[in-house]
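Undergrad: Here's a structure for you.
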Amino acid sequence: MTAEPPPPARPGDTPARPAAAPVRAVPVTTIPVTTTAVPAVPAAATTATTATGPAPGPHAGDRVAIRPETAQDHEGVHLLHTRAFGDDGRVSRLVEALREARAGAGPLSFVAVLDGAVLGHVLLSGCRLDAPRRIVDVLSLSPLGVLPEHQGRGIGTRLVRHALAAAEDTGAPLVFLEGDPGWYRTRGFEPATPAGFRSPSLRIPGPAFQVARLSAHEPWMTGTFVYSEPFWALDCVGLRDPEA
Ligand SMILES: CC(C)(COP(=O)(O)OP(=O)(O)OC[C@H]1O[C@@H](n2cnc3c(N)ncnc32)[C@H](O)[C@@H]1OP(=O)(O)O)[C@@H](O)C(=O)NCCC(=O)NCCS
């Protein structure tokens, strides 16, 4: 069966919507976030040092440690995604479902911590590429979130860099995501459709569908990116149009 090409961008569509985002068709940059300083959540394996003061300065990202998530981080990760995405908990539920599914090669989960608090989180999970030759195990990078009062300090960039290095270590050939191409293109990603990949949904604005080609990628590995079941079960693929 031949799938139809993605539709042209509609007014109000945004390429900046992440796969794990809620379904309202609003740009990421307009998602309301709490700007009031809220105590961050203590990280695992740390003393109960909680960031109760003002957010650190612009270069505080340099002091942030990136490490694998532990069970003690789950509550902090849940709260940070709920605040970062300003949603009803859908993204946090996706994280929980992906942890339980343990699909394919993943998940690989990393937290950014500073002074004992979880400030950011990124998750890689196993998905598939339906290539002409055979099914290929690939990774999805979703979600990525940083607490609102700690954004703009390089933490998200470091989490993406760490995740791509971890993906490279697994031998995965490709990492896919939905997100703002302006942000991701300087962080190892490129538009996926021109690179030979087909989007898993017509509801993903074309430019938002992106891929990072890793060293294990071979030219024959093209085809349709297929999300794992939790993304579909929680309706975390693309944008929904309530007016449709
Ligand atoms: C998207 C998101 C994860 C980015 O995280 P972040 O920590 O704010 O990102 P960074 O700080 O690395 O990068 C943001 C900007 O800070 C600037 N910056 C990076 N390092 C910096 C540093 N050390 N000092 C000062 N500024 C820095 C960069 O200029 C960057 O701007 P650019 O886009 O022009 O390059 C975060 O905004 C977020 O959680 N958003 C809500 C959830 C979401 O939309 N997730 C994305 C799903 S695809």
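Letters A, B, ... go to the chains of the structure tokens in the order shown; residues in each chain start at 1; ligands are counted from 1 in the same order.
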Once DSSP has gone over the backbone, tell me which residues of segment 88-193 of chain A are in alpha helix (DSSP H), as a count of residues only.

TA: 32

Undergrad: Please identify all polymer residues within 12 Å of His121 of chain A, counting only C-alpha atoms, omitting same-chain residues fewer than 2 positions from it, and present them as a VMD selection string.

TA: chain A and resid 43 64 to 70 73 to 82 84 91 to 92 95 108 to 113 117 to 119 123 to 124 141 to 147 155 to 160 162 to 163

Undergrad: Could you check the closest approach to ligand 1 for each of A:Glu178, A:Asp115, A:Asp241, A:Asp169 and tell me which residue wins, using only C-alpha atoms and all ligand atoms?

TA: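 Closest residue, counting only C-alpha atoms and all ligand atoms: A:Glu178.
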
Undergrad: Neighbours of segment 217-234 of chain A within 7 Å (only C-alpha atoms; same-chain residues fewer than 2 positions away dropped), as a PyMOL selection string?

TA: chain A and resi 94+97-98+126-132+173-174+196-200+213-215+236-237

Undergrad: With distances taken over only C-alpha atoms and all ligand atoms, which residue among A:Gly86, A:Gly116, A:Gly152, A:Pro107 lies nearest ligand 1?

TA: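 Ranking A:Gly86, A:Gly116, A:Gly152, A:Pro107 by distance to ligand 1, first place goes to A:Gly152.
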
Undergrad: Just the number, please: distance in Å from atom 43 (C, counted along the ligand's line) of ligand 1 to atom CA of Ala212 of chain A, one decimal.

TA: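 Atom 43 (C, counted along the ligand's line) of ligand 1 sits 18.0 Å away from atom CA of Ala212 of chain A.
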
Undergrad: With only C-alpha atoms and all ligand atoms as the atoms that count, which of A:Glu243, A:Asp137, A:Glu168, A:Glu149 lies nearest to ligand 1?

TA: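 Among the listed residues, the smallest separation from ligand 1 belongs to A:Glu149.
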
Undergrad: Pick from A:Ile204, A:Leu177, A:Ile135, A:Ala71: nearest to ligand 1, with only C-alpha atoms and all ligand atoms counted?

TA: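 So, comparing all the options, the nearest one is A:Leu177.
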
Undergrad: In terms of the shortest atom-to-atom distance over only C-alpha atoms and all ligand atoms, which of A:Asp235, A:Asp180, A:Glu100, A:Asp88 is closest to ligand 1?

TA: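 Of A:Asp235, A:Asp180, A:Glu100, A:Asp88, the one nearest ligand 1, counting only C-alpha atoms and all ligand atoms, is A:Asp180.
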
Undergrad: With distances taken over only C-alpha atoms and all ligand atoms, which of A:Gly238, A:Gly89, A:Gly154, A:Gly120 is nearest to ligand 1?

TA: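 Among A:Gly238, A:Gly89, A:Gly154, A:Gly120, it is A:Gly154 that comes nearest to ligand 1.
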
Undergrad: What does the structure give for the distance between atom CA of Gln210 of chain A and atom CA of Glu96 of chain A, in Å to one decimal?

TA: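 About the pair atom CA of Gln210 of chain A and atom CA of Glu96 of chain A: they are 23.7 Å apart.
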
Undergrad: Could you please determine the separation between atom CA of Arg153 of chain A and atom 31 (O, counted along the ligand's line) of ligand 1 in Å, to one decimal place?

TA: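 So the answer is 8.3 Å.
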